[in-house]
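Engineer: I'm passing along query.cif; it holds mmCIF, C-alpha atoms.
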```cif
data_protein
#
loop_
_atom_site.label_atom_id
_atom_site.label_comp_id
_atom_site.auth_asym_id
_atom_site.auth_seq_id
_atom_site.Cartn_x
_atom_site.Cartn_y
_atom_site.Cartn_z
CA MET A 223 16.45 109.32 139.58
CA PRO A 224 20.11 109.77 138.61
CA ALA A 225 21.46 107.62 135.80
CA LYS A 226 23.42 104.57 136.82
CA ARG A 227 27.14 105.28 136.54
CA SER A 228 29.04 103.19 133.97
CA SER A 229 31.74 100.93 135.41
CA ARG A 230 34.02 101.88 132.50
CA PRO A 231 36.29 104.81 133.48
CA THR A 232 35.98 107.88 131.27
CA ILE A 233 38.19 110.75 130.21
CA ALA A 234 36.43 112.85 132.90
CA ASP A 235 37.40 110.29 135.55
CA VAL A 236 41.04 110.41 134.45
CA ALA A 237 40.96 114.22 134.44
CA ALA A 238 39.53 114.34 137.95
CA ARG A 239 42.11 111.87 139.25
CA ALA A 240 45.01 113.71 137.63
CA GLY A 241 43.68 117.17 138.59
CA VAL A 242 43.74 118.48 135.00
CA SER A 243 41.21 119.37 132.31
CA LYS A 244 39.66 116.83 129.93
CA MET A 245 41.46 118.57 127.06
CA ALA A 246 44.80 118.07 128.81
CA VAL A 247 43.97 114.37 129.23
CA SER A 248 43.15 114.08 125.54
CA PHE A 249 46.39 115.77 124.54
CA ALA A 250 48.44 113.64 126.93
CA LEU A 251 46.95 110.27 125.99
CA ASN A 252 47.14 110.98 122.27
CA GLY A 253 50.78 112.03 122.38
CA ARG A 254 49.99 115.56 121.20
CA PRO A 255 51.95 118.69 122.10
CA GLY A 256 50.45 121.25 124.48
CA VAL A 257 51.07 119.59 127.84
CA SER A 258 54.24 119.32 129.91
CA GLU A 259 56.02 116.02 130.40
CA GLU A 260 55.12 116.17 134.09
CA THR A 261 51.41 116.53 133.25
CA ARG A 262 51.62 113.78 130.64
CA ALA A 263 53.18 111.42 133.19
CA ARG A 264 50.54 112.31 135.81
CA VAL A 265 47.73 111.63 133.31
CA GLU A 266 49.26 108.32 132.27
CA ARG A 267 49.52 107.23 135.92
CA ALA A 268 45.91 108.20 136.55
CA ALA A 269 44.73 106.30 133.45
CA ALA A 270 46.69 103.21 134.48
CA ASP A 271 45.39 103.37 138.06
CA LEU A 272 41.80 103.59 136.84
CA GLY A 273 42.25 100.92 134.16
CA TRP A 274 41.18 103.40 131.48
CA ARG A 275 41.14 102.06 127.91
CA PRO A 276 40.25 103.90 124.69
CA ASN A 277 36.80 103.33 123.20
CA SER A 278 37.87 101.89 119.85
CA ALA A 279 34.36 102.07 118.35
CA ALA A 280 33.98 105.75 119.17
CA ARG A 281 37.43 106.45 117.90
CA SER A 282 36.68 104.73 114.59
CA LEU A 283 33.46 106.71 114.16
CA SER A 284 35.20 109.95 114.92
CA GLY A 285 37.92 109.30 112.36
CA ASP A 286 40.56 109.97 115.01
CA ARG A 287 43.31 107.72 113.71
CA ALA A 288 46.91 107.48 114.79
CA GLY A 289 48.31 107.13 111.28
CA ALA A 290 50.75 104.44 112.43
CA ILE A 291 50.97 100.67 112.74
CA GLY A 292 52.95 98.89 115.44
CA LEU A 293 55.49 96.06 115.35
CA VAL A 294 56.80 94.73 118.67
CA LEU A 295 59.78 92.40 118.18
CA ALA A 296 60.82 90.35 121.19
CA ARG A 297 64.38 89.90 120.00
CA SER A 298 67.74 90.80 121.51
CA ALA A 299 70.00 93.24 119.69
CA GLN A 300 72.28 90.33 118.75
CA GLN A 301 69.40 88.31 117.31
CA LEU A 302 68.14 91.25 115.26
CA ALA A 303 71.62 91.90 113.94
CA MET A 304 71.98 88.31 112.73
CA ASP A 305 68.42 87.59 111.60
CA THR A 306 67.87 88.80 108.05
CA PHE A 307 64.20 87.71 108.08
CA TYR A 308 63.00 90.66 110.14
CA MET A 309 65.08 93.20 108.24
CA GLN A 310 63.48 91.99 105.00
CA LEU A 311 60.02 91.95 106.58
CA ILE A 312 60.41 95.54 107.81
CA THR A 313 61.69 96.59 104.38
CA GLY A 314 58.55 95.24 102.72
CA ILE A 315 56.27 96.85 105.29
CA GLU A 316 57.97 100.21 104.88
CA GLN A 317 57.86 99.98 101.08
CA HIS A 318 54.08 99.68 101.17
CA LEU A 319 53.58 102.23 103.93
CA ALA A 320 55.62 104.74 101.90
CA GLU A 321 52.68 104.89 99.48
CA SER A 322 50.42 106.18 102.26
CA SER A 323 50.75 108.62 105.14
CA THR A 324 51.11 105.76 107.63
CA SER A 325 54.31 105.19 109.61
CA LEU A 326 55.75 102.11 111.31
CA LEU A 327 56.35 102.21 115.06
CA LEU A 328 58.93 99.55 115.95
CA GLN A 329 59.53 98.62 119.59
CA VAL A 330 61.89 96.04 121.07
CA PRO A 331 60.89 94.83 124.56
CA SER A 332 63.39 93.69 127.14
CA SER A 333 61.25 90.87 128.59
CA PRO A 334 57.90 89.07 128.07
CA ASP A 335 56.25 91.27 130.71
CA HIS A 336 57.67 94.38 129.07
CA GLU A 337 56.25 93.19 125.73
CA LEU A 338 52.73 92.93 127.17
CA SER A 339 53.07 96.35 128.79
CA LEU A 340 54.05 97.85 125.43
CA TYR A 341 50.81 96.59 123.87
CA ARG A 342 48.88 98.13 126.76
CA THR A 343 50.65 101.44 126.22
CA LEU A 344 50.06 101.39 122.44
CA ALA A 345 46.35 100.86 123.06
CA ALA A 346 45.93 103.24 126.00
CA GLU A 347 47.77 106.09 124.30
CA ARG A 348 46.31 105.25 120.90
CA ARG A 349 49.70 105.43 119.26
CA VAL A 350 48.80 102.93 116.52
CA ASP A 351 45.73 101.90 114.56
CA ALA A 352 46.73 98.22 114.46
CA VAL A 353 49.70 95.96 115.15
CA VAL A 354 51.59 93.15 113.42
CA VAL A 355 52.18 90.13 115.68
CA THR A 356 54.97 87.67 114.84
CA ASP A 357 56.37 84.46 116.37
CA LEU A 358 53.06 83.20 117.74
CA LEU A 359 53.42 80.92 120.76
CA THR A 360 51.51 77.72 121.45
CA ASP A 361 49.85 79.40 124.42
CA ASP A 362 50.26 83.03 123.49
CA PRO A 363 49.35 85.60 126.21
CA ARG A 364 49.27 88.37 123.59
CA ILE A 365 46.10 87.05 121.96
CA PRO A 366 43.71 87.46 124.94
CA LEU A 367 45.40 90.77 125.79
CA LEU A 368 44.80 92.16 122.29
CA ARG A 369 41.16 91.07 122.53
CA GLU A 370 40.84 92.78 125.90
CA LEU A 371 42.42 95.97 124.58
CA GLY A 372 40.34 95.96 121.39
CA LEU A 373 43.55 96.49 119.43
CA PRO A 374 43.26 95.35 115.78
CA ALA A 375 46.04 93.00 114.72
CA VAL A 376 47.42 90.99 111.83
CA LEU A 377 48.93 87.70 112.96
CA LEU A 378 51.79 86.09 111.09
CA GLY A 379 51.19 82.40 111.72
CA GLY A 380 47.54 82.30 112.94
CA PRO A 381 44.72 81.56 112.73
CA GLU A 382 42.89 83.04 115.71
CA PRO A 383 39.17 83.94 115.78
CA GLY A 384 38.67 87.68 115.50
CA PHE A 385 42.00 88.45 113.84
CA VAL A 386 43.44 88.70 110.38
CA SER A 387 46.13 86.06 109.90
CA LEU A 388 48.63 85.21 107.19
CA ARG A 389 50.05 81.70 107.28
CA SER A 390 52.98 80.16 105.46
CA ASP A 391 52.27 76.79 103.85
CA ASP A 392 54.36 74.74 106.26
CA GLU A 393 52.83 71.42 105.23
CA GLY A 394 53.55 72.04 101.55
CA SER A 395 57.06 73.26 102.34
CA VAL A 396 57.86 70.17 104.40
CA ALA A 397 56.56 67.95 101.60
CA GLN A 398 58.95 69.65 99.16
CA VAL A 399 61.94 68.94 101.40
CA VAL A 400 61.03 65.33 102.12
CA GLU A 401 60.31 64.57 98.45
CA HIS A 402 63.60 66.19 97.42
CA LEU A 403 65.69 64.20 99.89
CA HIS A 404 63.79 60.96 99.26
CA GLY A 405 64.48 61.35 95.56
CA LEU A 406 68.20 61.62 96.33
CA GLY A 407 68.12 58.32 98.20
CA HIS A 408 68.08 59.62 101.76
CA ARG A 409 66.09 57.51 104.23
CA ARG A 410 67.14 58.99 107.60
CA ILE A 411 66.71 62.74 108.10
CA GLY A 412 67.68 64.89 111.07
CA ARG A 413 65.86 68.13 111.82
CA ILE A 414 67.21 70.94 114.00
CA THR A 415 64.61 73.45 115.15
CA GLY A 416 64.30 76.72 116.99
CA PRO A 417 62.36 77.16 120.26
CA VAL A 418 59.65 74.56 120.78
CA GLU A 419 57.20 77.14 122.15
CA PHE A 420 56.78 78.72 118.71
CA ARG A 421 53.70 77.54 116.83
CA TYR A 422 55.57 77.18 113.58
CA THR A 423 58.04 74.80 115.26
CA VAL A 424 55.20 72.56 116.40
CA LYS A 425 53.42 72.71 113.02
CA ARG A 426 56.58 71.85 111.10
CA SER A 427 57.38 68.99 113.49
CA GLU A 428 53.92 67.50 112.97
CA ALA A 429 54.22 67.95 109.20
CA PHE A 430 57.67 66.32 109.13
CA ALA A 431 56.50 63.32 111.15
CA ALA A 432 53.57 62.79 108.78
CA ALA A 433 55.66 63.26 105.61
CA LEU A 434 58.40 60.88 106.80
CA ALA A 435 55.82 58.24 107.69
CA ARG A 436 54.22 58.50 104.24
CA SER A 437 57.62 58.09 102.59
CA GLY A 438 58.77 55.22 104.79
CA MET A 439 61.64 57.31 106.16
CA SER A 440 62.93 57.75 109.70
CA GLY A 441 63.86 60.96 111.45
CA MET A 442 65.73 62.52 114.36
CA LEU A 443 64.80 65.77 116.09
CA GLU A 444 66.85 68.30 118.08
CA THR A 445 65.20 71.39 119.54
CA THR A 446 67.37 74.45 120.25
CA ASP A 447 67.01 78.05 121.38
CA GLY A 448 67.77 79.14 117.83
CA SER A 449 71.29 80.38 118.51
CA PRO A 450 74.25 79.43 116.28
CA GLU A 451 75.99 77.84 119.27
CA ALA A 452 73.02 75.58 119.93
CA GLY A 453 72.81 74.73 116.23
CA ARG A 454 76.45 73.61 116.19
CA ALA A 455 76.00 71.46 119.29
CA ALA A 456 72.82 69.83 117.98
CA THR A 457 74.49 69.05 114.63
CA GLU A 458 77.45 67.42 116.35
CA ARG A 459 75.19 65.29 118.57
CA MET A 460 73.22 64.03 115.58
CA LEU A 461 76.22 63.22 113.42
CA ARG A 462 78.08 61.47 116.25
CA SER A 463 75.06 59.29 117.13
CA PRO A 464 75.21 55.50 116.48
CA GLU A 465 72.91 55.84 113.44
CA PRO A 466 73.51 59.34 112.12
CA PRO A 467 71.21 60.88 109.52
CA THR A 468 72.41 61.32 105.96
CA ALA A 469 70.62 64.67 105.62
CA LEU A 470 69.94 67.55 108.00
CA VAL A 471 67.14 70.12 107.77
CA PHE A 472 67.44 73.37 109.74
CA ASP A 473 64.56 75.69 110.71
CA THR A 474 66.60 78.85 110.00
CA ASP A 475 69.51 79.87 107.83
CA LEU A 476 71.52 80.81 110.95
CA LEU A 477 71.18 77.29 112.31
CA ALA A 478 72.13 75.88 108.91
CA VAL A 479 75.30 77.97 108.61
CA ALA A 480 76.30 76.94 112.14
CA GLY A 481 75.55 73.32 111.22
CA LEU A 482 77.76 73.57 108.15
CA ASP A 483 80.67 74.65 110.36
CA ALA A 484 80.03 71.75 112.72
CA VAL A 485 80.01 69.25 109.84
CA ARG A 486 83.42 70.49 108.72
CA ASP A 487 84.82 70.36 112.23
CA ILE A 488 83.77 66.72 112.49
CA GLY A 489 85.61 66.03 109.25
CA LEU A 490 82.63 65.21 107.04
CA ARG A 491 81.95 66.53 103.55
CA VAL A 492 78.86 68.32 102.22
CA PRO A 493 77.04 66.86 100.35
CA GLU A 494 79.12 63.67 99.87
CA ASP A 495 78.71 62.52 103.49
CA VAL A 496 75.70 64.55 104.62
CA SER A 497 73.25 66.86 102.82
CA LEU A 498 72.01 70.14 104.33
CA VAL A 499 68.76 72.06 103.74
CA ALA A 500 67.89 75.45 105.29
CA TRP A 501 64.53 77.11 105.88
CA ASP A 502 63.89 80.75 104.92
CA GLY A 503 66.91 80.90 102.64
CA SER A 504 68.55 84.31 102.73
CA ILE A 505 71.77 85.79 101.40
CA LEU A 506 73.58 83.74 104.07
CA CYS A 507 72.71 80.62 102.10
CA ASP A 508 74.40 82.13 99.02
CA VAL A 509 77.65 83.37 100.53
CA VAL A 510 78.73 80.14 102.25
CA ARG A 511 80.39 77.29 100.34
CA PRO A 512 78.90 75.02 99.36
CA ARG A 513 75.83 77.16 98.83
CA LEU A 514 72.88 75.88 100.84
CA THR A 515 69.81 74.25 99.35
CA SER A 516 66.96 76.18 100.95
CA LEU A 517 63.26 76.87 101.15
CA ARG A 518 63.30 80.36 99.73
CA ARG A 519 60.54 82.88 100.20
CA ASP A 520 60.10 86.49 99.20
CA VAL A 521 60.07 87.97 102.70
CA VAL A 522 59.99 91.53 101.34
CA GLU A 523 56.76 90.64 99.52
CA LEU A 524 55.44 89.13 102.76
CA GLY A 525 56.11 92.51 104.37
CA ARG A 526 54.18 94.32 101.65
CA VAL A 527 51.23 91.92 101.96
CA THR A 528 51.31 92.30 105.74
CA ALA A 529 51.26 96.10 105.44
CA ARG A 530 48.25 95.98 103.12
CA ALA A 531 46.41 93.70 105.54
CA VAL A 532 47.22 95.78 108.61
CA LEU A 533 46.16 99.01 106.89
CA ASP A 534 42.85 97.38 105.98
CA VAL A 535 42.17 96.10 109.48
CA GLY A 536 43.34 99.33 111.09
CA SER A 537 41.09 101.55 108.98
CA ALA A 538 37.86 99.54 109.08
CA PRO A 539 35.25 100.06 111.82
CA ARG A 540 35.02 97.30 114.43
CA THR A 541 31.74 96.01 115.84
CA GLY A 542 31.69 94.47 119.30
CA ASP A 543 34.17 91.62 119.77
CA GLU A 544 33.77 90.21 116.27
CA GLY A 545 36.48 92.23 114.57
CA PHE A 546 37.87 90.51 111.50
CA VAL A 547 38.00 86.82 110.75
CA PHE A 548 40.31 86.31 107.80
CA ASP A 549 42.82 83.55 107.30
CA GLU A 550 44.85 82.70 104.22
CA HIS A 551 48.23 81.42 103.10
CA ASP A 552 50.55 84.29 102.33
CA PRO A 553 51.75 84.54 98.72
CA SER A 554 55.39 84.21 99.72
CA SER A 555 55.21 80.59 100.88
CA PRO A 556 58.61 78.90 100.50
CA GLN A 557 59.77 77.17 97.34
CA LEU A 558 62.65 74.70 97.42
CA GLU A 559 65.76 75.83 95.58
CA GLN A 560 68.42 73.16 95.20
CA ARG A 561 72.02 74.25 95.59
CA GLU A 562 75.30 72.40 96.13
CA SER A 563 74.64 71.36 99.75
CA SER A 564 72.20 68.53 98.88
CA GLY A 565 73.18 65.48 96.87
CA ARG A 566 72.86 61.73 96.60
CA ALA A 567 72.81 59.81 99.86
CA PRO A 568 76.08 58.05 100.67
CA HIS A 569 76.12 54.28 100.11
#
```
Please render this file's structure as structure tokens.

Structural biologist:
Amino acid sequence: MPAKRSSRPTIADVAARAGVSKMAVSFALNGRPGVSEETRARVERAAADLGWRPNSAARSLSGDRAGAIGLVLARSAQQLAMDTFYMQLITGIEQHLAESSTSLLLQVPSSPDHELSLYRTLAAERRVDAVVVTDLLTDDPRIPLLRELGLPAVLLGGPEPGFVSLRSDDEGSVAQVVEHLHGLGHRRIGRITGPVEFRYTVKRSEAFAAALARSGMSGMLETTDGSPEAGRAATERMLRSPEPPTALVFDTDLLAVAGLDAVRDIGLRVPEDVSLVAWDGSILCDVVRPRLTSLRRDVVELGRVTARAVLDVGSAPRTGDEGFVFDEHDPSSPQLEQRESSGRAPH
């Protein structure tokens, strides 16, 4: 009696569909030389039509590794040019990878659907051994997709069962800000955030609400798309309200710098009339005047720690759907550094 055929498509199935040899399929799907671009495209179409996915367990046992890790950044060119966080993160990752033979494959998708398709391509063509996932969403479609693909990942901002995650201490960071401003006499704080769909935005909002309640303080909240223009507008709305806050906290340094400009346009002084605090303090917080009080973190060190974690998860064998379950605060959690932008609350 013939053996029951597996429902999972094989290399042989892809070869038959594309009309090429199994060796040609292997070369094409692994990005190796030896096949024409026309053949490679035909094999990729056949694999996609059949729903072929690499057998990660067999690949691990065979030692057939890609020697690369992936980073997919869903950011526009303008955002990447202005956002120093990711440049520092990539610097730290590259510094650690330079000590090994592993390279970083950076891709910038043009849309959410394109981002998901890039992960499918990375897995199907086995271009990377693992990926770094940033800016986790409250309902993130990447998580079930990565599970389906069997693609190892390190999450910045987890946790998620089955994945390595590194989390910043948002609760502790918020407590530092609230205690600092409370000690300066502030009792009404405004907070201007980035996109509400990001998990870190939600976590910080919850932490702020709890910290303000414990301190007997009140707060205002403005959610933006993270752009400088939105930061300026949100700052103006808060400071022109009937009961304006005496201190503003911004989720990014870009928002804070935009907010500083808005404060000046209104005709207020920093910190005499309103104090400002920025998250993820970068060089931008140092070059403006007054210099911005900020929650500083060593993002380059975060990159190095991330690279170590992703190399570990990418090189270890995986068993079934269990993968790795590891969750810890990263060692670069922010520390408040007071500068000239925060001072005593106005009387």

Engineer: For Leu558 of chain A, which residue out of A:Ser504, A:Ser463, A:Thr457, A:Ser395 is the nearest one, using all atoms listed in the file?

Structural biologist: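 Closest to Leu558 of chain A, using all atoms listed in the file: A:Ser395.
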
Engineer: Can you list, as a list of chain:residue names, every protein, DNA or RNA residue that comes within 8 Å of Arg519 of chain A when you count only C-alpha atoms, leaving out same-chain residues fewer than 2 positions away?

Structural biologist: A:Asp502, A:Gly503, A:Leu517, A:Val521, A:Ser554, A:Ser555, A:Pro556, A:Gln557

Engineer: Go ahead and save the residues from that selection, with C-alpha atoms, as a short mmCIF file (atom, residue, chain, number, x, y, z; two decimals), in the frame of the given file.

Structural biologist:
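This went into part30.cif:
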```cif
data_model
loop_
_atom_site.label_atom_id
_atom_site.label_comp_id
_atom_site.auth_asym_id
_atom_site.auth_seq_id
_atom_site.Cartn_x
_atom_site.Cartn_y
_atom_site.Cartn_z
CA ASP A 502 63.89 80.75 104.92
CA GLY A 503 66.91 80.90 102.64
CA LEU A 517 63.26 76.87 101.15
CA VAL A 521 60.07 87.97 102.70
CA SER A 554 55.39 84.21 99.72
CA SER A 555 55.21 80.59 100.88
CA PRO A 556 58.61 78.90 100.50
CA GLN A 557 59.77 77.17 97.34
#
```

Engineer: From the options A:Glu562, A:Glu444, A:Glu458, A:Glu337, which residue's atoms come nearest to Leu293 of chain A, counting all atoms listed in the file?

Structural biologist: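 For Leu293 of chain A, the nearest of the candidates is A:Glu337.
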
Engineer: Return the single residue from A:Phe385, A:Trp501, A:Trp274, A:Tyr308 that is closest to Asp534 of chain A, with distances computed using all atoms listed in the file.

Structural biologist: A:Phe385

Engineer: A:Ser563, A:Thr306, A:Gln301, A:Thr343: which is nearest Arg267 of chain A, counting all atoms listed in the file?

Structural biologist: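 Under the stated criterion, the closest residue is A:Thr343.
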
Engineer: At what distance in Å, to one decimal, does atom CA of Leu498 of chain A lie from atom CA of Leu482 of chain A?

Structural biologist: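 Distance between the two atoms: 7.7 Å.
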
Engineer: Starting from the PyMOL selection byres ((chain A and resi 317) around 12), expand the selection into actual residues of this file and give them as a list of chain:residue names.

Structural biologist: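 Residues picked by the PyMOL selection byres ((chain A and resi 317) around 12): A:Gln310, A:Leu311, A:Ile312, A:Thr313, A:Gly314, A:Ile315, A:Glu316, A:His318, A:Leu319, A:Ala320, A:Glu321, A:Ser322, A:Ser323, A:Thr324, A:Ser325, A:Leu326, A:Val522, A:Glu523, A:Leu524, A:Gly525, A:Arg526, A:Val527, A:Thr528, A:Ala529, A:Arg530.
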
Engineer: For the selection you just gave me, I'd like the residues written to a file as a CSV table (one decimal), in the coordinates of the input, keeping C-alpha atoms.

Structural biologist:
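The resulting selection_23.csv:
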```csv
chain,number,residue,atom,x,y,z
A,310,GLN,CA,63.5,92.0,105.0
A,311,LEU,CA,60.0,92.0,106.6
A,312,ILE,CA,60.4,95.5,107.8
A,313,THR,CA,61.7,96.6,104.4
A,314,GLY,CA,58.6,95.2,102.7
A,315,ILE,CA,56.3,96.8,105.3
A,316,GLU,CA,58.0,100.2,104.9
A,318,HIS,CA,54.1,99.7,101.2
A,319,LEU,CA,53.6,102.2,103.9
A,320,ALA,CA,55.6,104.7,101.9
A,321,GLU,CA,52.7,104.9,99.5
A,322,SER,CA,50.4,106.2,102.3
A,323,SER,CA,50.8,108.6,105.1
A,324,THR,CA,51.1,105.8,107.6
A,325,SER,CA,54.3,105.2,109.6
A,326,LEU,CA,55.8,102.1,111.3
A,522,VAL,CA,60.0,91.5,101.3
A,523,GLU,CA,56.8,90.6,99.5
A,524,LEU,CA,55.4,89.1,102.8
A,525,GLY,CA,56.1,92.5,104.4
A,526,ARG,CA,54.2,94.3,101.6
A,527,VAL,CA,51.2,91.9,102.0
A,528,THR,CA,51.3,92.3,105.7
A,529,ALA,CA,51.3,96.1,105.4
A,530,ARG,CA,48.2,96.0,103.1
```

Engineer: Nearest to Glu419 of chain A among A:Gly448, A:Arg348, A:Val400, A:Met439, with distances taken over only C-alpha atoms: which residue is it?

Structural biologist: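 Among A:Gly448, A:Arg348, A:Val400, A:Met439, it is A:Gly448 that comes nearest to Glu419 of chain A.
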
Engineer: Which is closest to Val354 of chain A among A:Leu470, A:Ala397, A:Val532, A:Leu327, if we use all atoms listed in the file?

Structural biologist: A:Val532

Engineer: Using Å and a single decimal, report how far atom CA of Met442 of chain A sits from atom CA of Pro466 of chain A.

Structural biologist: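 Between these atoms lies a distance of 8.7 Å.
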
Engineer: Record the distance separating atom CA of Arg264 of chain A and atom CA of Leu338 of chain A, expressed in Å with one decimal.

Structural biologist: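 Interatomic distance, atom CA of Arg264 of chain A to atom CA of Leu338 of chain A: 21.3 Å.
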
Engineer: Care to translate the PyMOL selection byres ((chain A and resi 443) around 7) into actual residues of this file, as an NGL selection string?

Structural biologist: :A and (412-414 or 441-442 or 444-445)

Engineer: Run the PyMOL selection byres ((chain A and resi 297-300) around 8) against the file shown and list the residues it catches, as a list in words.

Structural biologist: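 Against this file, the PyMOL selection byres ((chain A and resi 297-300) around 8) returns the residues Leu295, Ala296, Gln301, Leu302, Ala303, Met304, Val330, Pro331 and Ser332 of chain A.
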
Engineer: Selection from above, C-alpha atoms, as a CSV table (one decimal), in the coordinates of the input, can you write it?

Structural biologist:
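Here's the written file selection_16.csv:
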```csv
chain,number,residue,atom,x,y,z
A,295,LEU,CA,59.8,92.4,118.2
A,296,ALA,CA,60.8,90.4,121.2
A,301,GLN,CA,69.4,88.3,117.3
A,302,LEU,CA,68.1,91.2,115.3
A,303,ALA,CA,71.6,91.9,113.9
A,304,MET,CA,72.0,88.3,112.7
A,330,VAL,CA,61.9,96.0,121.1
A,331,PRO,CA,60.9,94.8,124.6
A,332,SER,CA,63.4,93.7,127.1
```

Engineer: Could you pull the residues within 10 Å of Arg566 of chain A, counting all atoms listed in the file, minus those fewer than 3 positions along the same chain, as a PyMOL selection string?

Structural biologist: chain A and resi 403-408+468-469+493-497+569
